[in-house]
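Here's query-v2.txt, which has compact mmCIF, C-alpha atoms:
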# COMPACT_ATOMS: atom_id res chain seq x y z
CA MET J 1 78.05 188.68 141.34
CA GLU J 2 81.63 187.43 141.55
CA MET J 3 82.34 183.82 142.40
CA LEU J 4 84.68 183.16 145.31
CA PRO J 5 87.87 181.18 144.76
CA VAL J 6 86.70 177.58 144.80
CA PRO J 7 88.67 174.35 145.31
CA ILE J 8 88.83 172.33 142.13
CA SER J 9 86.60 169.55 143.49
CA VAL J 10 83.83 172.03 144.26
CA ALA J 11 84.16 173.82 140.94
CA LEU J 12 83.87 170.52 139.14
CA THR J 13 80.63 169.70 140.92
CA VAL J 14 79.19 173.02 139.81
CA GLY J 15 80.40 172.21 136.30
CA ALA J 16 78.63 168.86 136.39
CA PHE J 17 75.39 170.62 137.39
CA PHE J 18 75.59 173.00 134.46
CA MET J 19 76.48 170.17 132.08
CA ILE J 20 72.77 169.47 131.75
CA ALA J 21 72.08 173.02 130.64
CA SER J 22 74.67 172.82 127.91
CA ARG J 23 72.47 170.37 126.00
CA ILE J 24 70.65 173.40 124.73
CA TRP J 25 68.83 171.43 122.02
CA THR J 26 66.81 169.38 124.56
CA SER J 27 63.89 169.94 126.90
CA SER J 28 66.14 171.86 129.31
CA SER J 29 66.02 174.84 126.93
CA VAL J 30 62.22 174.77 127.19
CA VAL J 31 62.49 174.90 131.00
CA VAL J 32 64.91 177.83 130.85
CA ALA J 33 62.65 179.66 128.40
CA GLY J 34 59.67 179.12 130.69
CA CYS J 35 61.53 180.48 133.71
CA SER J 36 62.70 183.54 131.79
CA THR J 37 59.13 184.29 130.74
CA ALA J 38 57.85 183.96 134.30
CA LEU J 39 60.60 186.25 135.60
CA LYS J 40 60.15 188.73 132.71
CA VAL J 41 63.76 188.26 131.64
CA MET J 42 64.77 188.47 127.98
CA LEU J 43 66.50 185.28 126.87
CA LEU J 44 69.16 185.76 124.21
CA ARG J 45 69.42 182.50 122.27
CA SER J 46 72.82 182.71 120.65
CA TYR J 47 72.49 179.16 119.37
CA GLU J 48 69.93 180.30 116.83
CA ASN J 49 72.94 181.33 114.70
CA ARG J 50 73.80 177.64 114.47
CA PHE J 51 70.38 176.91 113.06
CA TRP J 52 71.16 179.43 110.30
CA ILE J 53 74.34 177.50 109.54
CA ILE J 54 72.37 174.26 109.27
CA GLU J 55 69.76 175.89 107.08
CA GLU J 56 72.49 177.31 104.82
CA ASN J 57 73.95 173.79 104.54
CA GLY J 58 70.69 172.33 103.27
CA GLY J 59 69.17 171.26 106.57
CA SER J 60 72.01 169.22 108.09
CA PRO J 61 75.14 170.19 110.08
CA PRO J 62 78.43 170.44 108.15
CA LEU J 63 80.30 167.28 109.21
CA THR J 64 83.80 168.45 108.36
CA TYR J 65 85.58 171.56 109.53
CA SER J 66 86.39 172.71 105.99
CA LEU J 67 82.73 172.46 104.97
CA PHE J 68 81.75 174.35 108.12
CA ILE J 69 84.15 177.15 107.15
CA GLU J 70 82.64 177.31 103.65
CA VAL J 71 79.14 177.68 105.07
CA VAL J 72 79.94 180.33 107.68
CA GLN J 73 81.88 182.36 105.12
CA ARG J 74 78.71 182.55 103.04
CA LEU J 75 76.82 183.82 106.09
CA GLY J 76 79.45 186.42 106.96
CA PRO J 77 81.17 187.20 110.28
CA PRO J 78 79.27 187.22 113.59
CA PRO J 79 77.93 190.52 114.93
CA HIS J 80 80.15 192.61 117.15
CA PRO J 81 79.33 192.48 120.87
CA LEU J 82 76.92 195.04 122.25
CA LYS J 83 78.32 198.03 124.10
CA LYS J 84 78.77 197.72 127.83
CA PRO J 85 75.53 198.78 129.56
CA GLY J 86 75.44 201.47 132.21
CA SER J 87 75.15 200.64 135.89
CA PRO J 88 71.50 200.00 136.82
CA ASN J 89 69.95 201.25 140.03
CA TRP J 90 69.21 198.00 141.81
CA ASN J 91 67.05 197.90 144.93
CA SER J 92 69.21 195.58 147.00
CA THR J 93 67.85 193.38 149.77
CA PRO J 94 68.90 194.61 153.22
CA VAL J 95 71.42 192.34 154.90
CA THR J 96 69.74 190.84 157.92
CA GLU J 97 70.20 187.66 159.88
CA GLU J 98 67.12 186.25 158.15
CA SER J 99 68.37 187.13 154.64
CA GLN J 100 71.79 185.68 155.45
CA GLN J 101 70.22 182.38 156.42
CA LYS J 102 67.97 182.41 153.36
CA TYR J 103 70.38 183.49 150.65
CA SER J 104 73.94 182.77 151.78
CA LEU J 105 75.90 180.00 150.10
CA LYS J 106 76.33 176.72 151.86
CA PRO J 107 79.84 175.65 152.96
CA LEU J 108 82.05 174.36 150.19
CA GLU J 109 82.00 170.88 151.71
CA HIS J 110 78.29 170.72 150.86
CA PHE J 111 79.08 170.64 147.14
CA ALA J 112 81.94 168.16 146.95
CA THR J 113 84.69 166.43 148.87
CA PRO J 114 88.23 166.51 147.47
CA GLU J 115 89.51 163.12 146.38
CA CYS J 116 92.97 163.91 147.73
CA PRO J 117 94.56 166.74 149.76
CA GLU J 118 96.46 168.04 146.71
CA GLN J 119 93.20 169.00 144.98
CA LYS J 120 92.58 171.62 147.68
CA LYS J 121 95.66 173.52 146.54
CA LYS J 122 94.23 174.48 143.16
CA HIS J 123 91.74 177.34 143.12
CA TRP J 124 89.94 178.82 140.15
CA ILE J 125 88.51 182.32 140.43
CA GLY J 126 85.32 182.66 138.43
CA GLY J 127 83.19 185.61 137.39
CA GLU J 128 83.31 188.31 134.76
CA THR J 129 85.84 190.55 136.53
CA ARG J 130 88.49 187.84 136.53
CA ALA J 131 87.53 186.80 133.00
CA LEU J 132 88.09 190.33 131.69
CA GLU J 133 91.46 190.58 133.47
CA LEU J 134 92.63 187.37 131.79
CA TYR J 135 91.12 188.51 128.49
CA GLU J 136 93.26 191.67 128.53
CA MET J 137 96.36 189.56 129.26
CA ARG J 138 95.52 187.24 126.37
CA ILE J 139 94.98 190.13 123.93
CA LYS J 140 98.38 191.60 124.86
CA TYR J 141 99.94 188.15 124.35
CA GLU J 142 98.33 187.89 120.90
CA GLU J 143 99.41 191.44 120.06
CA GLU J 144 103.08 190.67 120.73
CA ALA J 145 102.81 187.52 118.63
CA PHE J 146 101.24 189.39 115.70
CA LYS J 147 104.12 191.89 115.83
CA SER J 148 106.42 188.90 115.25
CA ASP J 149 104.19 187.63 112.44
CA VAL J 150 103.04 184.63 114.51
CA VAL J 151 99.39 183.54 114.43
CA MET J 152 97.81 181.29 117.07
CA VAL J 153 100.85 181.72 119.30
CA ASN J 154 99.52 179.31 121.93
CA GLN J 155 99.56 176.59 119.29
CA TYR J 156 102.85 177.63 117.72
CA ASN J 157 104.60 177.38 121.08
CA PRO J 158 102.49 175.46 123.64
CA LYS J 159 103.56 176.37 127.18
CA LEU J 160 102.40 173.43 129.25
CA LEU J 161 103.45 174.81 132.63
CA ASP J 162 102.16 178.35 132.19
CA PRO J 163 98.69 179.42 133.41
CA PRO J 164 96.00 178.59 130.82
CA LEU J 165 95.58 181.20 128.07
CA SER J 166 92.52 179.68 126.42
CA LEU J 167 89.91 181.29 128.71
CA SER J 168 87.87 178.16 127.96
CA GLY J 169 86.37 177.89 131.44
CA TYR J 170 85.12 181.49 131.31
CA LEU J 171 83.66 180.97 127.86
CA ARG J 172 82.09 177.72 129.04
CA PHE J 173 80.20 179.39 131.90
CA GLY J 174 79.35 182.60 130.08
CA ALA J 175 81.66 184.82 132.16
CA LEU J 176 83.27 186.07 128.94
CA SER J 177 81.47 186.89 125.71
CA ILE J 178 82.59 184.69 122.82
CA ARG J 179 81.98 187.61 120.45
CA LYS J 180 84.15 189.90 122.55
CA PHE J 181 86.99 187.39 122.46
CA TYR J 182 86.56 186.70 118.74
CA TRP J 183 86.51 190.35 117.71
CA GLY J 184 89.19 191.33 120.23
CA VAL J 185 91.67 189.00 118.52
CA HIS J 186 90.60 189.91 114.96
CA ASP J 187 90.65 193.65 115.64
CA ILE J 188 94.14 193.62 117.14
CA TYR J 189 95.37 191.46 114.24
CA GLN J 190 94.11 193.98 111.68
CA GLU J 191 95.49 196.90 113.70
CA ILE J 192 98.99 195.36 113.90
CA THR J 193 99.30 193.78 110.45
CA ARG J 194 97.14 196.17 108.42
CA LYS J 195 95.71 193.07 106.76
CA SER J 196 92.24 191.62 106.63
CA SER J 197 92.06 188.89 109.27
CA GLN J 198 91.24 185.33 108.23
CA ASN J 199 89.56 182.43 110.01
CA HIS J 200 92.83 180.85 111.14
CA VAL J 201 93.41 183.81 113.49
CA THR J 202 90.70 182.42 115.78
CA ALA J 203 90.66 178.81 114.59
CA GLN J 204 90.22 177.31 118.07
CA LEU J 205 87.10 179.41 118.66
CA ILE J 206 85.72 178.33 115.31
CA TRP J 207 86.34 174.67 116.20
CA ARG J 208 84.17 175.30 119.26
CA GLU J 209 81.30 176.57 117.11
CA TYR J 210 81.80 173.68 114.67
CA PHE J 211 81.16 171.12 117.41
CA TYR J 212 78.23 173.11 118.77
CA THR J 213 76.61 173.14 115.35
CA MET J 214 77.10 169.41 114.86
CA SER J 215 75.30 168.70 118.13
CA VAL J 216 72.14 170.62 117.18
CA GLY J 217 69.11 168.37 117.51
CA ASN J 218 71.25 165.32 118.30
CA THR J 219 70.50 164.28 121.88
CA ASN J 220 72.78 161.25 121.42
CA PHE J 221 75.79 163.35 120.45
CA ALA J 222 77.73 162.19 123.55
CA GLN J 223 77.38 158.48 122.79
CA MET J 224 78.04 156.00 120.02
CA ASP J 225 74.67 154.21 119.86
CA ASN J 226 71.90 155.94 117.92
CA ASN J 227 74.25 158.78 117.05
CA PRO J 228 73.78 159.44 113.32
CA ILE J 229 77.20 161.05 112.85
CA CYS J 230 79.30 158.50 114.74
CA LEU J 231 80.41 155.17 113.30
CA LYS J 232 80.02 152.11 115.52
CA ILE J 233 83.37 150.62 116.51
CA ASN J 234 83.92 147.31 118.29
CA TRP J 235 85.84 148.83 121.19
CA TYR J 236 87.31 146.60 123.91
CA LYS J 237 86.03 146.45 127.46
CA ASP J 238 89.09 146.41 129.70
CA GLU J 239 88.42 147.80 133.14
CA GLU J 240 91.97 147.24 134.37
CA LYS J 241 93.59 149.20 131.55
CA PHE J 242 90.93 151.90 131.71
CA LYS J 243 91.62 152.42 135.42
CA ALA J 244 95.35 152.55 134.72
CA TRP J 245 94.70 155.31 132.18
CA ALA J 246 92.32 157.25 134.44
CA ASN J 247 94.60 156.92 137.48
CA SER J 248 97.86 157.91 135.76
CA LYS J 249 99.39 154.44 135.94
CA THR J 250 99.93 153.52 132.28
CA GLY J 251 103.72 153.35 132.51
CA PHE J 252 103.97 156.08 129.84
CA PRO J 253 105.15 159.22 131.71
CA TRP J 254 103.78 161.70 129.15
CA ILE J 255 100.29 160.18 129.34
CA ASP J 256 100.43 159.84 133.12
CA ALA J 257 101.60 163.44 133.58
CA CYS J 258 98.66 164.72 131.51
CA MET J 259 96.14 162.63 133.43
CA ARG J 260 97.66 163.61 136.77
CA GLN J 261 97.36 167.32 136.00
CA LEU J 262 93.76 166.77 134.93
CA PHE J 263 92.98 165.01 138.22
CA LEU J 264 94.73 167.59 140.42
CA GLU J 265 93.90 170.85 138.64
CA GLY J 266 90.88 170.30 136.42
CA TRP J 267 92.55 171.52 133.24
CA ILE J 268 95.08 170.31 130.67
CA HIS J 269 96.41 171.85 127.47
CA GLN J 270 94.91 170.86 124.14
CA VAL J 271 97.99 168.81 123.20
CA CYS J 272 97.54 166.81 126.40
CA ARG J 273 93.86 166.23 125.67
CA HIS J 274 94.73 164.97 122.23
CA ALA J 275 97.45 162.67 123.56
CA VAL J 276 95.38 160.99 126.27
CA SER J 277 92.29 160.59 124.08
CA CYS J 278 94.28 159.06 121.23
CA PHE J 279 96.08 156.72 123.65
CA LEU J 280 92.82 155.49 125.21
CA THR J 281 91.11 154.86 121.88
CA ARG J 282 92.54 154.23 118.43
CA GLY J 283 96.18 154.74 119.36
CA ASP J 284 96.80 152.07 122.00
CA LEU J 285 94.11 150.76 124.35
CA TRP J 286 91.18 150.54 121.87
CA ILE J 287 88.72 151.52 124.61
CA SER J 288 85.59 153.52 123.77
CA TRP J 289 85.78 157.28 123.65
CA GLU J 290 82.55 157.34 125.68
CA GLU J 291 84.43 156.16 128.76
CA GLY J 292 87.12 158.80 128.34
CA LEU J 293 84.48 161.46 127.80
CA GLN J 294 82.96 160.75 131.22
CA VAL J 295 86.36 161.29 132.88
CA PHE J 296 86.67 164.64 131.10
CA PHE J 297 83.15 165.58 132.19
CA LYS J 298 84.06 164.78 135.79
CA TYR J 299 87.33 166.69 136.03
CA LEU J 300 87.60 169.43 133.38
CA ILE J 301 86.68 172.89 134.64
CA ASP J 302 85.76 173.81 131.05
CA ALA J 303 83.93 170.56 130.28
CA ASP J 304 81.33 171.24 127.62
CA TRP J 305 78.85 168.67 126.36
CA SER J 306 79.14 169.56 122.68
CA VAL J 307 82.83 170.43 122.50
CA CYS J 308 84.11 167.51 124.59
CA SER J 309 81.93 164.99 122.79
CA GLY J 310 82.87 166.37 119.38
CA ASN J 311 86.58 166.32 120.15
CA TRP J 312 86.52 162.73 121.39
CA MET J 313 84.52 161.60 118.36
CA TRP J 314 86.80 163.43 115.96
CA VAL J 315 89.99 161.98 117.45
CA SER J 316 88.92 158.43 118.10
CA SER J 317 86.16 156.68 116.28
CA SER J 318 84.96 158.74 113.40
CA ALA J 319 87.92 159.41 111.12
CA PHE J 320 89.89 156.99 109.01
CA GLU J 321 92.68 159.30 107.89
CA LYS J 322 95.95 157.35 107.90
CA PHE J 323 97.74 160.21 109.66
CA LEU J 324 95.59 159.75 112.76
CA GLN J 325 96.70 156.13 112.78
CA CYS J 326 100.42 156.93 112.52
CA PRO J 327 102.26 154.95 115.25
CA SER J 328 105.20 157.35 115.11
CA CYS J 329 103.43 160.74 115.13
CA PHE J 330 101.17 159.69 117.99
CA CYS J 331 103.57 157.48 119.89
CA PRO J 332 102.99 158.15 123.63
CA VAL J 333 106.77 158.37 124.03
CA ASN J 334 107.77 160.54 121.04
CA TYR J 335 104.74 162.83 121.17
CA GLY J 336 105.66 163.67 124.77
CA ARG J 337 109.25 164.33 123.78
CA ARG J 338 108.11 166.75 121.10
CA MET J 339 105.78 168.68 123.40
CA ASP J 340 107.96 168.63 126.53
CA PRO J 341 111.52 168.50 125.13
CA GLN J 342 113.23 169.34 128.43
CA GLY J 343 110.95 167.11 130.50
CA TYR J 344 109.89 169.84 132.95
CA TYR J 345 106.21 169.00 132.63
CA VAL J 346 106.66 165.25 133.18
CA ARG J 347 108.97 165.79 136.15
CA LYS J 348 106.42 168.08 137.80
CA TYR J 349 103.41 165.78 137.48
CA VAL J 350 105.24 162.44 137.79
CA PRO J 351 107.66 163.43 140.56
CA VAL J 352 108.83 159.86 141.13
CA LEU J 353 110.73 160.30 137.84
CA ALA J 354 112.24 163.66 138.83
CA LYS J 355 115.81 162.30 138.85
CA MET J 356 115.49 160.09 135.78
CA PRO J 357 117.92 161.22 133.02
CA LEU J 358 116.18 162.98 130.13
CA ARG J 359 117.36 160.25 127.77
CA TYR J 360 115.10 157.75 129.56
CA LEU J 361 112.46 160.05 131.04
CA PHE J 362 109.73 159.36 128.49
CA ASN J 363 110.48 155.64 128.31
CA PRO J 364 111.92 154.78 131.74
CA SER J 365 111.46 151.03 131.31
CA SER J 366 114.31 151.21 128.77
CA ALA J 367 116.72 152.56 131.41
CA PRO J 368 119.34 150.07 132.70
CA LEU J 369 118.72 148.91 136.26
CA GLU J 370 121.73 150.87 137.55
CA VAL J 371 120.28 154.07 136.07
CA GLN J 372 116.92 153.34 137.68
CA LYS J 373 118.57 152.77 141.07
CA LYS J 374 120.55 156.00 140.80
CA ALA J 375 117.34 157.88 139.90
CA GLY J 376 115.56 156.34 142.88
CA CYS J 377 112.84 154.84 140.69
CA ILE J 378 112.68 151.13 139.96
CA ILE J 379 110.27 150.35 137.13
CA GLY J 380 107.63 147.86 138.22
CA LYS J 381 108.07 148.90 141.85
CA ASP J 382 108.16 152.69 142.17
CA TYR J 383 106.61 153.39 138.78
CA PRO J 384 104.59 150.96 136.62
CA ALA J 385 105.94 149.24 133.54
CA PRO J 386 104.09 150.11 130.30
CA ILE J 387 100.67 148.46 130.23
CA VAL J 388 100.95 147.84 126.46
CA ASN J 389 103.61 147.52 123.80
CA HIS J 390 102.88 150.57 121.66
CA LYS J 391 104.41 149.17 118.49
CA VAL J 392 102.36 145.96 118.74
CA VAL J 393 99.01 147.49 119.69
CA SER J 394 99.24 150.38 117.22
CA ALA J 395 99.75 147.85 114.40
CA ARG J 396 96.80 145.82 115.67
CA ASN J 397 94.57 148.89 115.93
CA LYS J 398 95.54 150.06 112.47
CA ALA J 399 94.50 146.67 111.06
CA SER J 400 91.22 146.90 112.97
CA MET J 401 90.47 150.32 111.49
CA GLU J 402 91.23 149.04 108.00
CA GLU J 403 88.89 146.09 108.58
CA ILE J 404 86.13 148.48 109.65
CA VAL J 405 86.62 150.57 106.51
CA SER J 406 86.44 147.45 104.33
CA ARG J 407 83.02 146.64 105.77
CA PHE J 408 81.63 149.78 104.17
CA LEU J 409 82.91 148.67 100.75
CA SER J 410 82.75 151.64 98.41
CA LYS J 411 81.17 154.30 100.61
CA VAL J 412 81.62 155.18 104.28
CA PRO J 413 78.46 156.73 105.81
CA SER J 414 78.47 160.44 106.58
CA HIS J 415 80.10 161.06 109.95
CA CYS J 416 82.21 163.47 111.96
CA ALA J 417 85.66 163.38 110.36
CA PRO J 418 88.72 165.44 109.39
CA SER J 419 88.71 167.10 105.98
CA GLN J 420 92.38 166.61 105.12
CA GLU J 421 95.82 165.87 106.57
CA GLU J 422 96.60 169.57 107.07
CA GLU J 423 93.55 169.86 109.32
CA ILE J 424 94.84 167.01 111.48
CA THR J 425 98.35 168.45 111.73
CA ASP J 426 96.88 171.76 112.88
CA PHE J 427 94.56 170.06 115.34
CA ALA J 428 97.38 167.89 116.74
CA TRP J 429 99.95 170.72 116.74
CA LEU J 430 102.21 168.98 114.22
CA ASP J 431 102.42 171.83 111.72
CA ALA J 432 106.07 172.78 112.31
CA VAL J 433 107.07 170.74 109.25
CA PRO J 434 104.15 171.36 106.85
CA ASP J 435 106.08 170.31 103.73
CA VAL J 436 106.70 166.77 105.00
CA LYS J 437 103.92 164.23 104.51
CA CYS J 438 103.10 161.55 107.05
CA ASP J 439 103.61 157.99 105.77
CA SER J 440 101.76 156.36 108.69
CA SER J 441 104.61 154.09 109.72
CA ASP J 442 106.83 153.65 112.75
CA LYS J 443 109.60 155.34 110.73
CA CYS J 444 107.56 158.40 109.80
CA ARG J 445 109.86 161.33 109.01
CA LYS J 446 107.25 163.93 109.93
CA ALA J 447 107.41 162.92 113.58
CA GLU J 448 111.20 162.69 113.54
CA MET J 449 111.62 166.09 111.89
CA TYR J 450 109.08 167.70 114.18
CA TYR J 451 111.08 166.51 117.17
CA ASP J 452 114.20 168.02 115.58
CA THR J 453 112.48 171.42 115.42
CA MET J 454 111.61 171.24 119.13
CA ALA J 455 114.93 169.92 120.45
Since I need it in another form, could you write the structure as structure tokens?
Amino acid sequence: MEMLPVPISVALTVGAFFMIASRIWTSSSVVVAGCSTALKVMLLRSYENRFWIIEENGGSPPLTYSLFIEVVQRLGPPPHPLKKPGSPNWNSTPVTEESQQKYSLKPLEHFATPECPEQKKKHWIGGETRALELYEMRIKYEEEAFKSDVVMVNQYNPKLLDPPLSLSGYLRFGALSIRKFYWGVHDIYQEITRKSSQNHVTAQLIWREYFYTMSVGNTNFAQMDNNPICLKINWYKDEEKFKAWANSKTGFPWIDACMRQLFLEGWIHQVCRHAVSCFLTRGDLWISWEEGLQVFFKYLIDADWSVCSGNWMWVSSSAFEKFLQCPSCFCPVNYGRRMDPQGYYVRKYVPVLAKMPLRYLFNPSSAPLEVQKKAGCIIGKDYPAPIVNHKVVSARNKASMEEIVSRFLSKVPSHCAPSQEEEITDFAWLDAVPDVKCDSSDKCRKAEMYYDTMA
């Protein structure tokens, strides 16, 4: 059955309901199994493959992406999807007034109330039919990229204002087979290039499975306490700054634009997710990733218990690579400039800055008062001043991370973490200058040169 177009607020409520089911390692899976038995329905437990990965790794999940790749390569590629079944002969229930009252959906207002009128404007169409339409568009997009010898085109050239190409919401709700997507991309790659496809062709899908595998058997995966693969960090409690972040009032236009799109539309690009999560946690505000995770759970149409939790952990509290602490690479001003070099994205989602000159757009508090007046946006009145000094807080946070590392003396406990700098540059979309190393300073050449490639 196809889902009707649903306002974002309603879709998010449905997402929150299914969030429980995504903890497939808990008692909810027992309930589902019991229902399937009672209804004589065969339950296909795809997550059993993840148990094979754990078994192959000696009984514990691989805690780095590179180790995960090593293990799955030993197991071999996933099976191809099954062929499309024929159309069954269903005995449908006659449509009567009684059946309409019994089975029809309740009005949309029953599920959720929009938080603002603008949320009503965004509609997501669910269901397999729409998923397959978008899948065919994505495969054609990948095909054209492969012809130009470009892999992971959506990462090579992130298009922040285009419709999402990730299909993540459809994968999240099972409207599109993950195997179909995986093999669709690999098959077209081999057809175009005449080469054997490698893992990097579908790296984002493999990241998804990596986080799923890490969450197996860990009911505390979405929290810091009692989570065996997350280090405990002495995060700050700052309700005022947290609300500024959640409500798009940080005074950093790139961060605010990302959070505004999330609030209005229920989806943001991966580079935006990385930016706002880094800013909230280790980058600037030093606020727990658990609080940011709950905001993602509330608003993201593709919110997934394992993937969202894993991403937040990976970015914020569980990795001590110096590159992740670089105040230049992850500056909320410069990172925005690199990803939105013409400022179209910021102007759309922070319209009060629409007339601000590009030179000052990502740091409007630096604009002279006359420029602010001409742009019709006075900082501190029409748009907030920055809630932190990035240079100061990034230095403070870096020292805090180093102090945490020193507590562990010679050995840091096993935890979710990056494998190497290259993995972080890929994850954070900073691979345009792979031959330049990050020096984790506010004069880092990697960030500067990356901006040069985008300008």
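The space separating atom CA of Tyr299 of chain J from atom CA of Leu262 of chain J comes to 6.5 Å.
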As an exercise, work out the distance from atom CA of Val307 of chain J to atom CA of Arg208 of chain J in Å and give it to one decimal place. 6.0 Å
Interatomic distance (Å, one decimal) between atom CA of Ser166 of chain J and atom CA of Glu133 of chain J: 13.0 Å
Name all residues at most 10 Å from Ala244 of chain J (count all atoms listed in the file; drop same-chain ones fewer than 5 positions away) and give them as a CSV table (one decimal) with C-alpha atoms, in the coordinates of the input.
chain,number,residue,atom,x,y,z
J,239,GLU,CA,88.4,147.8,133.1
J,249,LYS,CA,99.4,154.4,135.9
J,250,THR,CA,99.9,153.5,132.3
J,251,GLY,CA,103.7,153.4,132.5
J,256,ASP,CA,100.4,159.8,133.1
J,384,PRO,CA,104.6,151.0,136.6
J,387,ILE,CA,100.7,148.5,130.2
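Shortest separation to Leu300 of chain J among J:Met259, J:Ala175, J:Ile53, J:Cys331 occurs at residue J:Met259, atoms counted being only C-alpha atoms.
Of the listed residues (J:Lys147, J:Lys374, J:His80, J:Lys121), J:His80 comes nearest to Tyr182 of chain J; the distances count only C-alpha atoms.
Once Phe296 of chain J and its same-chain neighbours fewer than 6 positions away are set aside, Leu262, Gly266, Ala303 and Cys308 of chain J remain within 9 Å of it when counting all atoms listed in the file.
Comparing J:Asp225, J:Glu265, J:Glu142, J:Asp304 by their smallest distance to Glu290 of chain J, the closest is J:Asp225 (using only C-alpha atoms).
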Glu191 of chain J surroundings by only C-alpha atoms, 12 Å radius, close-in-sequence under 4 positions cut, as JSON, numbers by chain: {"J": [142, 143, 146, 147, 183, 184, 185, 186, 187, 195, 196, 197]}
Output of the above residues as a compact mmCIF listing (two decimals), in the frame of the given file, restricted to C-alpha atoms:
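Output file again-v1.txt follows:
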# COMPACT_ATOMS: atom_id res chain seq x y z
CA GLU J 142 98.33 187.89 120.90
CA GLU J 143 99.41 191.44 120.06
CA PHE J 146 101.24 189.39 115.70
CA LYS J 147 104.12 191.89 115.83
CA TRP J 183 86.51 190.35 117.71
CA GLY J 184 89.19 191.33 120.23
CA VAL J 185 91.67 189.00 118.52
CA HIS J 186 90.60 189.91 114.96
CA ASP J 187 90.65 193.65 115.64
CA LYS J 195 95.71 193.07 106.76
CA SER J 196 92.24 191.62 106.63
CA SER J 197 92.06 188.89 109.27
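With distances restricted to all atoms listed in the file, J:Tyr141 is the closest residue to Ile188 of chain J from J:Leu205, J:Ser168, J:Asn218, J:Tyr141.
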Provide segment 176-187 of chain J of the preceding structure as a file containing N, CA, C and O atoms, as a PDB file, in the first residue's frame.
ATOM      1  N   LEU J 176      12.702   0.521   0.269  1.00  0.00           N
ATOM      2  CA  LEU J 176      13.682   0.155  -0.756  1.00  0.00           C
ATOM      3  C   LEU J 176      14.646  -0.862  -0.166  1.00  0.00           C
ATOM      4  O   LEU J 176      15.146  -0.683   0.949  1.00  0.00           O
ATOM      5  N   SER J 177      14.904  -1.923  -0.903  1.00  0.00           N
ATOM      6  CA  SER J 177      15.814  -2.964  -0.461  1.00  0.00           C
ATOM      7  C   SER J 177      17.248  -2.458  -0.458  1.00  0.00           C
ATOM      8  O   SER J 177      17.730  -1.928  -1.466  1.00  0.00           O
ATOM      9  N   ILE J 178      17.948  -2.620   0.655  1.00  0.00           N
ATOM     10  CA  ILE J 178      19.342  -2.201   0.745  1.00  0.00           C
ATOM     11  C   ILE J 178      20.199  -3.019  -0.220  1.00  0.00           C
ATOM     12  O   ILE J 178      21.147  -2.505  -0.822  1.00  0.00           O
ATOM     13  N   ARG J 179      19.859  -4.288  -0.422  1.00  0.00           N
ATOM     14  CA  ARG J 179      20.616  -5.113  -1.366  1.00  0.00           C
ATOM     15  C   ARG J 179      20.407  -4.644  -2.805  1.00  0.00           C
ATOM     16  O   ARG J 179      21.326  -4.657  -3.616  1.00  0.00           O
ATOM     17  N   LYS J 180      19.190  -4.243  -3.115  1.00  0.00           N
ATOM     18  CA  LYS J 180      18.917  -3.744  -4.466  1.00  0.00           C
ATOM     19  C   LYS J 180      19.742  -2.489  -4.742  1.00  0.00           C
ATOM     20  O   LYS J 180      20.342  -2.356  -5.817  1.00  0.00           O
ATOM     21  N   PHE J 181      19.785  -1.595  -3.782  1.00  0.00           N
ATOM     22  CA  PHE J 181      20.552  -0.365  -3.938  1.00  0.00           C
ATOM     23  C   PHE J 181      22.050  -0.679  -4.050  1.00  0.00           C
ATOM     24  O   PHE J 181      22.754  -0.175  -4.930  1.00  0.00           O
ATOM     25  N   TYR J 182      22.533  -1.525  -3.162  1.00  0.00           N
ATOM     26  CA  TYR J 182      23.951  -1.884  -3.143  1.00  0.00           C
ATOM     27  C   TYR J 182      24.373  -2.485  -4.478  1.00  0.00           C
ATOM     28  O   TYR J 182      25.359  -2.038  -5.099  1.00  0.00           O
ATOM     29  N   TRP J 183      23.630  -3.491  -4.933  1.00  0.00           N
ATOM     30  CA  TRP J 183      24.026  -4.172  -6.160  1.00  0.00           C
ATOM     31  C   TRP J 183      23.722  -3.334  -7.403  1.00  0.00           C
ATOM     32  O   TRP J 183      24.415  -3.450  -8.425  1.00  0.00           O
ATOM     33  N   GLY J 184      22.705  -2.473  -7.328  1.00  0.00           N
ATOM     34  CA  GLY J 184      22.418  -1.591  -8.451  1.00  0.00           C
ATOM     35  C   GLY J 184      23.598  -0.686  -8.757  1.00  0.00           C
ATOM     36  O   GLY J 184      23.986  -0.510  -9.917  1.00  0.00           O
ATOM     37  N   VAL J 185      24.214  -0.123  -7.704  1.00  0.00           N
ATOM     38  CA  VAL J 185      25.366   0.760  -7.885  1.00  0.00           C
ATOM     39  C   VAL J 185      26.594  -0.034  -8.348  1.00  0.00           C
ATOM     40  O   VAL J 185      27.299   0.368  -9.284  1.00  0.00           O
ATOM     41  N   HIS J 186      26.848  -1.190  -7.697  1.00  0.00           N
ATOM     42  CA  HIS J 186      28.029  -1.985  -8.067  1.00  0.00           C
ATOM     43  C   HIS J 186      27.918  -2.526  -9.490  1.00  0.00           C
ATOM     44  O   HIS J 186      28.901  -2.540 -10.238  1.00  0.00           O
ATOM     45  N   ASP J 187      26.728  -2.969  -9.873  1.00  0.00           N
ATOM     46  CA  ASP J 187      26.557  -3.542 -11.210  1.00  0.00           C
ATOM     47  C   ASP J 187      26.770  -2.488 -12.297  1.00  0.00           C
ATOM     48  O   ASP J 187      27.420  -2.756 -13.317  1.00  0.00           O
TER      49      ASP J 187
END
